[in-house]
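Text of data.pdb, listed as PDB, C-alpha atoms and all ligand atoms:
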ATOM      1  CA  MET F   1     -14.223  -2.240 -17.315
ATOM      2  CA  ILE F   2     -13.195  -0.385 -14.155
ATOM      3  CA  THR F   3     -10.731   2.515 -14.318
ATOM      4  CA  LEU F   4      -7.909   2.862 -11.792
ATOM      5  CA  TYR F   5      -6.290   6.246 -11.216
ATOM      6  CA  SER F   6      -2.951   5.358  -9.682
ATOM      7  CA  MET F   7       0.527   6.719  -9.160
ATOM      8  CA  PRO F   8       3.124   4.351 -10.659
ATOM      9  CA  SER F   9       5.744   5.099  -7.950
ATOM     10  CA  SER F  10       3.349   4.943  -4.982
ATOM     11  CA  GLY F  11       2.894   2.022  -2.600
ATOM     12  CA  ASN F  12      -0.746   2.888  -1.879
ATOM     13  CA  SER F  13      -1.466   2.664  -5.597
ATOM     14  CA  TYR F  14       0.664  -0.476  -5.932
ATOM     15  CA  LYS F  15      -1.558  -2.266  -3.383
ATOM     16  CA  VAL F  16      -4.511  -1.911  -5.753
ATOM     17  CA  ARG F  17      -2.580  -2.830  -8.914
ATOM     18  CA  LEU F  18      -1.308  -5.906  -7.060
ATOM     19  CA  ILE F  19      -4.684  -7.226  -5.955
ATOM     20  CA  LEU F  20      -6.250  -6.554  -9.362
ATOM     21  CA  ALA F  21      -3.391  -8.451 -11.042
ATOM     22  CA  MET F  22      -3.603 -11.354  -8.592
ATOM     23  CA  LEU F  23      -7.350 -11.658  -9.093
ATOM     24  CA  GLU F  24      -6.967 -11.157 -12.866
ATOM     25  CA  ILE F  25      -9.477  -8.297 -12.839
ATOM     26  CA  PRO F  26      -8.983  -6.247 -16.013
ATOM     27  CA  PHE F  27      -8.756  -2.487 -15.587
ATOM     28  CA  LYS F  28      -7.958   0.668 -17.502
ATOM     29  CA  HIS F  29      -5.024   2.449 -15.875
ATOM     30  CA  ILE F  30      -4.710   6.216 -15.698
ATOM     31  CA  GLY F  31      -1.236   7.032 -14.407
ATOM     32  CA  VAL F  32      -0.996  10.055 -12.125
ATOM     33  CA  GLU F  33       2.671  10.512 -11.291
ATOM     34  CA  TYR F  34       3.655  12.868  -8.490
ATOM     35  CA  ASP F  35       5.504  15.911  -9.721
ATOM     36  CA  GLY F  36       5.125  18.096  -6.645
ATOM     37  CA  GLY F  37       1.885  20.062  -6.726
ATOM     38  CA  ASN F  38       0.320  17.425  -8.912
ATOM     39  CA  GLU F  39      -1.975  19.346 -11.254
ATOM     40  CA  PHE F  40      -4.117  16.343 -12.089
ATOM     41  CA  THR F  41      -5.177  15.405  -8.539
ATOM     42  CA  LYS F  42      -5.637  19.070  -7.597
ATOM     43  CA  SER F  43      -7.949  19.821 -10.524
ATOM     44  CA  ASP F  44     -11.612  20.504  -9.795
ATOM     45  CA  GLU F  45     -12.533  17.689 -12.152
ATOM     46  CA  PHE F  46     -10.505  15.148 -10.134
ATOM     47  CA  LYS F  47     -11.670  16.543  -6.788
ATOM     48  CA  ARG F  48     -15.247  15.961  -7.886
ATOM     49  CA  LYS F  49     -14.282  12.290  -8.267
ATOM     50  CA  ASN F  50     -12.291  12.168  -4.978
ATOM     51  CA  PRO F  51     -12.535  15.154  -2.602
ATOM     52  CA  THR F  52      -9.318  14.085  -0.809
ATOM     53  CA  ALA F  53      -7.470  14.778  -4.111
ATOM     54  CA  LYS F  54      -5.480  11.554  -3.734
ATOM     55  CA  VAL F  55      -4.917   8.324  -5.585
ATOM     56  CA  PRO F  56      -5.572   5.427  -5.767
ATOM     57  CA  LEU F  57      -9.122   5.907  -6.932
ATOM     58  CA  VAL F  58     -11.341   3.343  -8.621
ATOM     59  CA  GLU F  59     -14.060   4.418 -11.044
ATOM     60  CA  PHE F  60     -16.664   1.733 -11.603
ATOM     61  CA  GLU F  61     -18.498   1.172 -14.890
ATOM     62  CA  ASP F  62     -21.621   2.876 -13.495
ATOM     63  CA  GLY F  63     -19.698   6.077 -12.640
ATOM     64  CA  GLN F  64     -19.328   5.435  -8.898
ATOM     65  CA  PHE F  65     -15.989   5.909  -7.144
ATOM     66  CA  LEU F  66     -14.053   4.248  -4.323
ATOM     67  CA  SER F  67     -10.950   5.737  -2.690
ATOM     68  CA  GLU F  68      -8.583   4.762   0.178
ATOM     69  CA  SER F  69      -6.251   1.953  -0.791
ATOM     70  CA  ASN F  70      -7.213  -0.390   2.043
ATOM     71  CA  ALA F  71     -10.961   0.063   1.433
ATOM     72  CA  ILE F  72     -10.318  -0.759  -2.227
ATOM     73  CA  LEU F  73      -8.332  -3.868  -1.232
ATOM     74  CA  LEU F  74     -11.185  -5.065   0.977
ATOM     75  CA  TYR F  75     -13.745  -4.412  -1.760
ATOM     76  CA  PHE F  76     -11.936  -6.568  -4.294
ATOM     77  CA  ALA F  77     -10.865  -9.177  -1.726
ATOM     78  CA  GLU F  78     -14.453  -9.863  -0.668
ATOM     79  CA  GLY F  79     -15.432 -13.444  -1.477
ATOM     80  CA  THR F  80     -11.819 -14.472  -2.199
ATOM     81  CA  PRO F  81      -9.300 -16.372  -0.031
ATOM     82  CA  PHE F  82      -7.616 -13.002   0.674
ATOM     83  CA  ILE F  83     -10.202 -12.442   3.428
ATOM     84  CA  PRO F  84      -9.918 -15.065   6.198
ATOM     85  CA  SER F  85     -13.094 -17.011   6.898
ATOM     86  CA  ASP F  86     -12.265 -17.346  10.599
ATOM     87  CA  LYS F  87     -13.778 -14.397  12.509
ATOM     88  CA  LEU F  88     -10.728 -13.667  14.676
ATOM     89  CA  GLU F  89      -8.270 -14.054  11.806
ATOM     90  CA  ARG F  90     -10.449 -11.678   9.757
ATOM     91  CA  ALA F  91     -10.380  -9.120  12.577
ATOM     92  CA  ARG F  92      -6.596  -9.502  12.755
ATOM     93  CA  MET F  93      -6.407  -8.747   9.038
ATOM     94  CA  TRP F  94      -8.254  -5.461   9.736
ATOM     95  CA  GLN F  95      -6.027  -4.863  12.766
ATOM     96  CA  TRP F  96      -2.951  -4.964  10.529
ATOM     97  CA  MET F  97      -4.592  -2.805   7.872
ATOM     98  CA  PHE F  98      -5.405  -0.125  10.464
ATOM     99  CA  PHE F  99      -1.857  -0.467  11.803
ATOM    100  CA  GLU F 100      -0.577   0.081   8.259
ATOM    101  CA  GLN F 101      -2.371   3.409   7.922
ATOM    102  CA  ASN F 102      -1.859   4.584  11.519
ATOM    103  CA  PHE F 103       1.688   3.493  12.339
ATOM    104  CA  HIS F 104       3.520   2.219   9.297
ATOM    105  CA  GLU F 105       2.653   4.430   6.342
ATOM    106  CA  GLY F 106       3.140   7.687   8.251
ATOM    107  CA  SER F 107       6.701   6.705   9.176
ATOM    108  CA  VAL F 108       8.139   4.090   6.789
ATOM    109  CA  ALA F 109       6.522   5.468   3.622
ATOM    110  CA  THR F 110       6.789   9.111   4.639
ATOM    111  CA  ARG F 111      10.543   8.891   5.307
ATOM    112  CA  ALA F 112      11.107   7.232   1.910
ATOM    113  CA  ALA F 113       8.949   9.867   0.196
ATOM    114  CA  ASN F 114      10.851  12.708   1.884
ATOM    115  CA  LEU F 115      14.101  11.277   0.552
ATOM    116  CA  LYS F 116      12.699  10.477  -2.891
ATOM    117  CA  TYR F 117      10.534  13.323  -4.168
ATOM    118  CA  LYS F 118      12.187  16.595  -5.127
ATOM    119  CA  ASP F 119       9.489  18.848  -3.717
ATOM    120  CA  ARG F 120      10.096  17.232  -0.288
ATOM    121  CA  GLU F 121      13.737  18.330  -0.129
ATOM    122  CA  HIS F 122      12.869  20.779   2.657
ATOM    123  CA  LEU F 123      11.647  17.840   4.765
ATOM    124  CA  ARG F 124      15.091  16.190   4.857
ATOM    125  CA  THR F 125      16.183  17.797   8.134
ATOM    126  CA  PRO F 126      17.462  15.720  11.093
ATOM    127  CA  GLU F 127      14.511  17.030  13.161
ATOM    128  CA  ILE F 128      12.087  15.438  10.707
ATOM    129  CA  LEU F 129      14.028  12.390   9.506
ATOM    130  CA  GLY F 130      15.229  11.333  12.987
ATOM    131  CA  PRO F 131      11.794  10.765  14.586
ATOM    132  CA  LEU F 132      10.543   9.133  11.360
ATOM    133  CA  LEU F 133      13.427   6.646  11.539
ATOM    134  CA  GLU F 134      12.583   5.899  15.150
ATOM    135  CA  SER F 135       8.839   5.461  14.602
ATOM    136  CA  GLY F 136       9.393   3.501  11.376
ATOM    137  CA  ASN F 137      11.750   1.108  13.147
ATOM    138  CA  LYS F 138       9.151   0.641  15.888
ATOM    139  CA  ALA F 139       6.555  -0.278  13.244
ATOM    140  CA  LEU F 140       8.993  -2.722  11.623
ATOM    141  CA  ASP F 141       9.770  -4.247  15.038
ATOM    142  CA  VAL F 142       6.047  -4.817  15.617
ATOM    143  CA  MET F 143       5.801  -6.628  12.272
ATOM    144  CA  GLU F 144       8.956  -8.612  13.007
ATOM    145  CA  ALA F 145       7.542  -9.829  16.333
ATOM    146  CA  GLN F 146       4.359 -11.055  14.619
ATOM    147  CA  LEU F 147       6.180 -12.675  11.712
ATOM    148  CA  LEU F 148       8.401 -14.637  14.099
ATOM    149  CA  LYS F 149       5.159 -16.294  15.265
ATOM    150  CA  THR F 150       3.077 -16.681  12.087
ATOM    151  CA  PRO F 151       3.953 -16.925   8.369
ATOM    152  CA  PHE F 152       1.544 -14.122   7.437
ATOM    153  CA  LEU F 153       0.350 -11.085   9.356
ATOM    154  CA  ALA F 154      -3.179 -12.233  10.178
ATOM    155  CA  GLY F 155      -2.066 -15.789  10.891
ATOM    156  CA  GLN F 156      -1.436 -18.885   8.801
ATOM    157  CA  ASN F 157      -2.803 -17.535   5.528
ATOM    158  CA  TYR F 158      -1.968 -14.783   3.061
ATOM    159  CA  SER F 159      -4.584 -12.023   3.331
ATOM    160  CA  ALA F 160      -5.344  -8.460   2.234
ATOM    161  CA  ALA F 161      -3.240  -7.334   5.235
ATOM    162  CA  ASP F 162      -0.132  -8.800   3.610
ATOM    163  CA  ILE F 163      -0.840  -6.862   0.413
ATOM    164  CA  ALA F 164      -1.392  -3.663   2.408
ATOM    165  CA  LEU F 165       1.865  -3.974   4.325
ATOM    166  CA  TYR F 166       3.999  -5.393   1.541
ATOM    167  CA  ALA F 167       3.590  -2.201  -0.507
ATOM    168  CA  TYR F 168       5.783   0.071   1.621
ATOM    169  CA  THR F 169       7.765  -2.589   3.512
ATOM    170  CA  HIS F 170       9.403  -4.110   0.435
ATOM    171  CA  SER F 171      10.836  -0.686  -0.438
ATOM    172  CA  ALA F 172      11.581   0.417   3.160
ATOM    173  CA  GLU F 173      15.323   0.559   2.460
ATOM    174  CA  GLN F 174      14.616   3.585   0.225
ATOM    175  CA  GLY F 175      13.691   5.313   3.473
ATOM    176  CA  GLY F 176      16.952   4.299   5.157
ATOM    177  CA  PHE F 177      15.441   1.373   7.099
ATOM    178  CA  ASP F 178      17.648  -1.670   7.650
ATOM    179  CA  LEU F 179      15.649  -4.757   6.727
ATOM    180  CA  LYS F 180      18.631  -7.058   7.297
ATOM    181  CA  SER F 181      18.074  -6.562  11.028
ATOM    182  CA  HIS F 182      14.508  -7.855  10.524
ATOM    183  CA  PRO F 183      15.006 -11.424   9.220
ATOM    184  CA  ALA F 184      11.389 -12.498   9.781
ATOM    185  CA  ILE F 185      10.231  -9.567   7.623
ATOM    186  CA  LEU F 186      12.731 -10.522   4.900
ATOM    187  CA  ALA F 187      11.431 -14.111   4.884
ATOM    188  CA  TRP F 188       7.827 -12.829   4.772
ATOM    189  CA  LEU F 189       8.623 -10.484   1.862
ATOM    190  CA  LYS F 190       9.827 -13.543  -0.069
ATOM    191  CA  ARG F 191       6.696 -15.542   0.872
ATOM    192  CA  VAL F 192       4.523 -12.654  -0.327
ATOM    193  CA  SER F 193       6.373 -12.169  -3.621
ATOM    194  CA  ASP F 194       6.210 -15.951  -4.215
ATOM    195  CA  GLN F 195       2.387 -15.890  -4.215
ATOM    196  CA  PRO F 196       0.778 -16.911  -7.520
ATOM    197  CA  LYS F 197       0.290 -13.989  -9.944
ATOM    198  CA  HIS F 198       2.243 -11.573  -7.742
ATOM    199  CA  VAL F 199       3.451  -8.520  -9.719
ATOM    200  CA  THR F 200       6.085  -5.916  -8.922
ATOM    201  CA  LEU F 201       5.452  -2.212  -8.295
ATOM    202  CA  GLU F 202       6.539  -1.430 -11.876
ATOM    203  CA  TRP F 203       3.871  -3.678 -13.417
ATOM    204  CA  LEU F 204       1.103  -1.969 -15.372
ATOM    205  CA  PRO F 205      -1.631  -3.571 -17.496
ATOM    206  CA  GLU F 206      -0.965  -3.637 -21.246
TER     207      GLU F 206
HETATM  208  N1  LIG F 301      -4.810   6.982   2.858
HETATM  209  C1  LIG F 301      -4.757   7.121   1.434
HETATM  210  C2  LIG F 301      -3.496   7.887   1.053
HETATM  211  C3  LIG F 301      -3.476   8.249  -0.407
HETATM  212  C4  LIG F 301      -2.269   9.087  -0.752
HETATM  213  O1  LIG F 301      -1.624   9.695   0.114
HETATM  214  N2  LIG F 301      -1.948   9.146  -2.039
HETATM  215  C5  LIG F 301      -0.795   9.875  -2.505
HETATM  216  C6  LIG F 301       0.212   8.910  -3.126
HETATM  217  S1  LIG F 301       0.775   7.755  -1.934
HETATM  218  C7  LIG F 301      -1.216  10.881  -3.587
HETATM  219  O2  LIG F 301      -2.288  10.778  -4.147
HETATM  220  N3  LIG F 301      -0.359  11.838  -3.907
HETATM  221  C8  LIG F 301      -0.568  12.697  -5.052
HETATM  222  C9  LIG F 301      -1.020  14.056  -4.720
HETATM  223  O3  LIG F 301      -1.151  14.355  -3.510
HETATM  224  O4  LIG F 301      -1.228  14.784  -5.665
HETATM  225  C10 LIG F 301      -4.784   5.722   0.786
HETATM  226  O5  LIG F 301      -4.370   4.756   1.455
HETATM  227  O6  LIG F 301      -5.241   5.590  -0.358
END
Taking this structure as input, can you express it in the form of structure tokens?
Ligand SMILES: N[C@@H](CCC(=O)N[C@@H](CS)C(=O)NCC(=O)O)C(=O)O
Amino acid sequence: MITLYSMPSSGNSYKVRLILAMLEIPFKHIGVEYDGGNEFTKSDEFKRKNPTAKVPLVEFEDGQFLSESNAILLYFAEGTPFIPSDKLERARMWQWMFFEQNFHEGSVATRAANLKYKDREHLRTPEILGPLLESGNKALDVMEAQLLKTPFLAGQNYSAADIALYAYTHSAEQGGFDLKSHPAILAWLKRVSDQPKHVTLEWLPE
């Protein structure tokens, strides 16, 4: 059985728990909660497994590792309907997954994390939170514009891109973002959470 090192409160980790649950892939879960200066991820033993000292991290049965949430999503999605068969739709799925890491996570997730985690108290200044609100709203506006045109981000079908962007969008209000002004996103969040075998961020395997 694979082992997943994941942070229960983190959206990046949630992406992986979600796809594993949806595909009914059994896994052993090692919870690595953030406590500010997380000892576990900073240990030499963990850094040998993942030099970036971050979770999520998958350990395969043969002792190999895979990190980066979106790479892990694509690994498990391969050969499933979560990767579009149409070439352009598949490229659009990647487009949204790159967007998630380049535009969305660094603003929407970062602002929520600054407000949530105690060791980030010093990052709650107007100089930091103001630009994050602005860039996060821009990212949400980009999603809104797409979701006014298509039911899912890559097009007509649910894909790994929807998993990647659901993780931090569904909890964006924790970062002070107003989702009510983004009705197409709200409708999409419902479509995503209505997918068969969808689980919430709190879900962990027994
Ligand atoms: N780009 C990476 C980001 C991973 C990341 O930032 N992980 C954070 C949680 S969201 C983490 O491991 N924090 C714990 C720590 O730094 O000790 C991914 O998508 O997997």
Please identify all protein, DNA and RNA residues within 8 Å of ligand LIG 301 (chain F), counting all atoms listed in the file, and report them as a PDB file with C-alpha atoms, in the frame of the given file.
ATOM      1  CA  SER F   6      -2.951   5.358  -9.682  1.00  0.00           C
ATOM      2  CA  MET F   7       0.527   6.719  -9.160  1.00  0.00           C
ATOM      3  CA  SER F  10       3.349   4.943  -4.982  1.00  0.00           C
ATOM      4  CA  GLY F  11       2.894   2.022  -2.600  1.00  0.00           C
ATOM      5  CA  ASN F  12      -0.746   2.888  -1.879  1.00  0.00           C
ATOM      6  CA  SER F  13      -1.466   2.664  -5.597  1.00  0.00           C
ATOM      7  CA  VAL F  32      -0.996  10.055 -12.125  1.00  0.00           C
ATOM      8  CA  GLU F  33       2.671  10.512 -11.291  1.00  0.00           C
ATOM      9  CA  TYR F  34       3.655  12.868  -8.490  1.00  0.00           C
ATOM     10  CA  ASP F  35       5.504  15.911  -9.721  1.00  0.00           C
ATOM     11  CA  GLY F  36       5.125  18.096  -6.645  1.00  0.00           C
ATOM     12  CA  GLY F  37       1.885  20.062  -6.726  1.00  0.00           C
ATOM     13  CA  ASN F  38       0.320  17.425  -8.912  1.00  0.00           C
ATOM     14  CA  GLU F  39      -1.975  19.346 -11.254  1.00  0.00           C
ATOM     15  CA  PHE F  40      -4.117  16.343 -12.089  1.00  0.00           C
ATOM     16  CA  THR F  41      -5.177  15.405  -8.539  1.00  0.00           C
ATOM     17  CA  LYS F  42      -5.637  19.070  -7.597  1.00  0.00           C
ATOM     18  CA  ALA F  53      -7.470  14.778  -4.111  1.00  0.00           C
ATOM     19  CA  LYS F  54      -5.480  11.554  -3.734  1.00  0.00           C
ATOM     20  CA  VAL F  55      -4.917   8.324  -5.585  1.00  0.00           C
ATOM     21  CA  PRO F  56      -5.572   5.427  -5.767  1.00  0.00           C
ATOM     22  CA  LEU F  57      -9.122   5.907  -6.932  1.00  0.00           C
ATOM     23  CA  SER F  67     -10.950   5.737  -2.690  1.00  0.00           C
ATOM     24  CA  GLU F  68      -8.583   4.762   0.178  1.00  0.00           C
ATOM     25  CA  SER F  69      -6.251   1.953  -0.791  1.00  0.00           C
ATOM     26  CA  ASN F  70      -7.213  -0.390   2.043  1.00  0.00           C
ATOM     27  CA  GLN F 101      -2.371   3.409   7.922  1.00  0.00           C
TER      28      GLN F 101
END
What's around Glu78 (chain F) at 12 Å? Count only C-alpha atoms, leave out sequence neighbours fewer than 4 positions away in its own chain, and write the answer as a CSV table (one decimal) with C-alpha atoms, in the coordinates of the input.
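In the end it all went to result.csv:
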chain,number,residue,atom,x,y,z
F,19,ILE,CA,-4.7,-7.2,-6.0
F,23,LEU,CA,-7.4,-11.7,-9.1
F,71,ALA,CA,-11.0,0.1,1.4
F,72,ILE,CA,-10.3,-0.8,-2.2
F,73,LEU,CA,-8.3,-3.9,-1.2
F,74,LEU,CA,-11.2,-5.1,1.0
F,82,PHE,CA,-7.6,-13.0,0.7
F,83,ILE,CA,-10.2,-12.4,3.4
F,84,PRO,CA,-9.9,-15.1,6.2
F,85,SER,CA,-13.1,-17.0,6.9
F,90,ARG,CA,-10.4,-11.7,9.8
F,159,SER,CA,-4.6,-12.0,3.3
F,160,ALA,CA,-5.3,-8.5,2.2
Apply the PyMOL selection byres (((chain F and resi 190-193) around 12) and not hetatm) to the displayed file and report the matching residues as a ChimeraX atom specification.
-> /F:18,22,147,150-153,156-167,169-170,183-189,194-201
Distance in Å - CA of Gly106 (chain F) versus CA of Leu148 (chain F) |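 Calculated distance between CA of Gly106 (chain F) and CA of Leu148 (chain F) is 23.7 Å.
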Just the residues within 10 Å of Phe99 (chain F), please, counting only C-alpha atoms, with nothing from its chain fewer than 4 positions along; format it as JSON, numbers by chain.
-> {"F": [93, 94, 95, 103, 104, 105, 139, 142, 143, 161, 164, 165]}
Box for region 24-34 of chain F - axis-aligned, 3 Å on each of the six sides, all listed atoms - centre and size in Å to one decimal, as JSON.
{"center_x": -2.9, "center_y": 0.9, "center_z": -13.0, "size_x": 19.1, "size_y": 30.0, "size_z": 15.0}
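For the file at hand, the PyMOL selection byres (((chain F and resi 59) around 6) and not hetatm) resolves to Ile2, Thr3, Val58, Phe60, Gln64 and Phe65 of chain F.
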Can I get the selection written as a CSV table (one decimal), in the frame of the given file, with C-alpha atoms?
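That gives us again00.csv:
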chain,number,residue,atom,x,y,z
F,2,ILE,CA,-13.2,-0.4,-14.2
F,3,THR,CA,-10.7,2.5,-14.3
F,58,VAL,CA,-11.3,3.3,-8.6
F,60,PHE,CA,-16.7,1.7,-11.6
F,64,GLN,CA,-19.3,5.4,-8.9
F,65,PHE,CA,-16.0,5.9,-7.1
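Residues with at least one atom no more than 12 Å from (10.8, 8.6, 16.6), using all atoms listed in the file, are Phe103, Gly106, Ser107, Val108, Arg111, Pro126, Glu127, Ile128, Leu129, Gly130, Pro131, Leu132, Leu133, Glu134, Ser135, Gly136, Asn137, Lys138 and Ala139 of chain F.
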From CA of Lys28 (chain F) to CA of Leu4 (chain F) the spacing works out at 6.1 Å
